[in-house]
Structures are given as structure tokens and as C-alpha cells.
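A short worksheet on the structure shown next.
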Amino acid sequence: MAVGRFYITTPIYYVNDAPHMGTSYTTVNADALARWHRLIGDETKFLTGTDEHGMKIAETAEKHGVSPQAWTDATSARFEEAWATLNISQDDFIRTTQARHYETVGTFLTKIYENGYIRKDTYRGLYCVGCEDYYTQDQLVDGKCPSHNRELVEMEEDNYFFELSKFEDRLLEWFEANPAAIQPASKRNEALSFIKGGLKDVSITRTSISWGIPVPWDEGHVFYVWYDALINYLTAIGYGRDEAEVEKWWPHVHHLIGKEIIRFHCVWWPAMCMAAGIDPPAHVFVHGWLLVGGKKLSKSMAADESAPVKLTDITPASLVEQFGVDPVRYYLLRNTPLGTDGDFSIEGITERYNADLANNLGNLVARLATVIGSKSGGRSPEPSETSELKDRAAEAVAQARDAWERFAPQEGLEATWRLIGAVNSALEVAEPWKAEPSPEVDAVLGSALEALRIITVLIWPAMPDTAQAIWGRIGLDGSPTDGGLDAQVLWGSAPQARVVTKGDPLFPRRKD
RNA sequence: GGGGCUGUAGCUCAGUCGGUUAGAGCAAGGGACUCAUAAUCCCUCGGUCGUGGGUUCGAGCCCCACCGGCCCUACCA
């Protein structure tokens, strides 16, 4: 059950890459979860942002003839725009180039340094001048740099190392004591077996680059990009600046991440927290990847039709333009359970759109409005206390609540769509369009409308615009979130005799 | 190469602790209906649970091998 407070984060996205459907997947899921928790009345903090340091950024900026800061200002803005397009409701958008982040990173890592978990050492390795980075022997292809195919040179550099190896036992204990800290279980096992395989200390600073956060106790060094990035979750709650805020939100955080960064979030990050003397994050939820199964996307989506289509080639804006924001959100949330890999295709989204949105939900809104218009004078009739739909609605609410609590938007929406099916089915049985206006007909239509009202509340976290639109059509003021879920899902709690209007189809059926 | 996750109906996915006849939605076929966006409702079809072994009274589930997909291997949700 809700603890009354909900802090959820996405990873911060690296600004060298444009926002695409992969990053959108994470962000939309986090947004819907945040919205659900706001709906049930939790004090909610939803954090996303951009990761802006590192050599690649500096290089790219130079190539464009601008300063790294100017470059990241421009690219970070693209993420904010993309999230606006997807109706993302973040409470805070963090950038690692902000002063507050420099401050928190300095405080946090100094703490680890003082606690004795950071040591200076000389890093010797094979260095690729093209990449300006080190490689290990087993990363090489034919003894050469995998991306530049050139010979590597033996080099050495003074680095600070985080003594990750000292945390093996403590991490294992933490995993043991907190079986639900990393979900799903399959991903937890993955992290666990990585730890059991033995941990090596990690190099966390560079002297060869300057676009990063300087090491407070040794000015010639900057922190390596991943080490400052993870700390953003603390920056946003004022670590080192506002202890009351930290108390309030930490460690009860929910990190939503993709499976490729398990290691950083489930091994490094908890160890870093331990080293700094704070509790590790309470919950890391790892989702899978959306895969494009070899099906060809339309020309407007892919730059080159002959090339294999990658998810990262699809921009949120192009999809939203084609389908609308809520259908895109719905598809991402509904089609694949969080935690396993899923399939992404234009055929898939079209199918969901037509079946779930146009035929089931959209058509229900339309048919109900029409029949209420002809049989109940266009005013919302009173729902029946003995309607079967009352029980079905309560059931859907309970199932949705349970599902969202478990980070399972897919199941929450499934439960909601079962209720939509029940309303369509109930109308079919009663056939109110055949009868003369009567109290019995009113009871049928009033109950169906009341169920639709509850459906509207339940879809709000996934499709806020659509929920608001239906809310208006069924004659209600304000928003489906007013007063919170418990109040809104009370059967018969809405004002009666409201004006119900039909309007244009919410989701016109698609022919493609 | 090494470490790991995964494979269930044409498609997308459930399947608890090993326990009767493996479920849902979509798609397909049939019927009903005509309020509604050719929508809706009811019924039906559809599975050698990747392959081959093993453990067990009993395996989709546990063990081994192999095959395919994917992630990590120190910058990709």
C-alpha cells in the first residue's frame, strides 16, 4: 500500500544522442507511475534530466565550433521538448552542468574520499588515440581498437580509484536483506551473479579531459562521466544543501532503468552510497528493451528504408504526429510488461489503436452519449446501486491499484479494459436503444455512464488528455484527479443530471 | 571469448510452490444486433510449451547439452 510519498527517477539521458523511442519508453513509464501515485494522493517527486559531461560531448561541441556548455544547452533542450510532446509531468529536470550538481557531487565524493574508499593510483593500459580512451585486452578486435581499427599505445595516467572491491560482502548482505530492492527477480539475479563474480576497483577520474566536474581535493582531475551522473538522484533532493529534503525522500526512491545499465545502478551506485555513509536506494526497477522485429517502418519513420530499422531511429515527435500523444503513451505502457523485452512495430501500435482505443473505448463513449441523448434527454441518469457494473468497477479499481503498485502498468490497463468490455457487454444485454424511456432504461444508462466515469479516472495516468476530454463530454467539471482516486471511484459520487455531449470520435479508426 | 537474461497459439503476452483438460487479448471463421467510429456482443478454431537428454509417481516450471534472440564486458532506456 502507498506510503504516502513517491520519489521516482529515470536515468539522465546522455545529450550526445537525440531523444528517441528507447528513452521515451523509460520516461513514459516513469511518468505514468508518477501520475498514478499523484492520483492516489501520494506526495510525488518525478525526476528526469540530462547527463552532459564527458569527452564525446566536448568533441562534438568542438566540431560544431561552440563551447561544450553552449552545445549541451541546445541538446538538453531537445529532451525537454520531447518530453513536452509526450506530456511528461516531471517535477524537476536536472542537468549535470548545473551548479547544484557540482556542489552535491563535490560533497558526496569528498565524503567517500574522507571515508577512505578512494585512492590514487597509476592506470596503465592500452590507449586508442582515436577514441581517447583505454581498452582492455579482451575488448580488442584483432589486437586493434574495435571502433577505429588502429593500433593501441601503452599509456599510463594518474587516476583516482573507487574501491568497489571492498563492498563485495556488504553488497551481498544488502541483496540478501532486501530481496525486493531490485526487480524483477531475473534482473536481481543478474546483478547478484555479477557481484559474486568478483568486483574490481574502478577508475573514476581523468586528467586527459577537462569537460567534467573537477575533483575537489585535486584540481588537475575531473570525474569520469558515470561517477558524476549517478549522483544526480541526490542532487535533486538537495544532498549537502538541504538535509530535511534528503531525509524526506531518501532512501525511499524508485529508480526506473533499462537493462543495459544494471551494473551502474545495482552494483556501483549502492556501493557508492554505502561508501558515503548513506542507505542505498530502496528500489531499482529494471525494464527490458523494445525490439524492432525486422518489420519495415514507414518511410517517414526511417531515414534509410534499406537499412535495418532501429528503435533509436524513431523520434517521439514523428510517432506522436502520426498517432497522437495518448495512443503512443498507451501503446508503450500497455503492449509490453515492464521488465521483459517487448516488440515495437507500427503494425502493433495500429492494432492497439484500432482495437483498444477506437473500437472499445472511443466507441463506448460515442454509443453511450447517443443513447443517453435519445433515451434520457441528454442528461446523466442516476446509476443503480444494484448494477453488476458497480462490482465490476470496484474489481477493476482494486486490480489496477495492485498492478500500478507493482510497477505493472500493462496489468493496470488490462484490468481497466476488462471493465470497458463489461460495460459494452452490459449494454448489449440490456439493449436500452430498443426500449421506451423509463426508470429501468435510466438505471442501465446511468450505471454504464458511471462505470465510464470510473474508467476515465483509471486511464488518466496513461492518457491524461483523453481522460480530461471524456471527463468534459460526460458533463463533469474539474479533472478526474480532483480529490484523489478513493473519492473519485465511489459509485454514484458524481453530480447527477449533467449534460452529456457526444462530440467527434475520440480515436477515428485507422485504415493503415 | 567470458558473464547473464530469454524462447509458451499466426501476433503480443499470462502461467504462483513441480500436480487434473496450458490461459487472455488481437488476428481468423461463424452467428446475433443495428445505439455506436463497418463499431459492439456471443460462439468456434487455434499449442509436440525452441530442440535433445535427465531427475520425478508426475515437468511449461527443476538439472545438463545444443540452437535462436537480446543485454553486459567500464560512454547507449
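In the C-alpha cells, each chain is lettered A, B, ... as it comes, each chain's residues begin at 1, and ligands are numbered from 1 in order of appearance.
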For range 378-418 of chain A against range 182-198 of chain A, with a cut-off of 12 Å and counting only C-alpha atoms, what is the closest atom pair and its distance in Å to one decimal for every residue that makes the cut, ordered by chain and number, as CSV?
residue,atom,partner,partner_atom,distance
A:Arg406,CA,A:Gln183,CA,9.8
A:Phe407,CA,A:Gln183,CA,9.5
A:Ala408,CA,A:Pro184,CA,10.9
Checklist line | Distance-based interface of chain A with chain B, 7 Å, counting only C-alpha atoms (C1' of nucleotides), as a PyMOL selection string | finding: chain A and resi 22-23+25-26+190+257-260+335+358-359+363+366-367+370-371+424-425+428+433+505+508-509
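Of the residues under consideration (B:C63, B:G68, B:G10, B:A38), B:G68 shows the shortest atom-to-atom contact distance to G50 in chain B when counting only C-alpha atoms (C1' of nucleotides).
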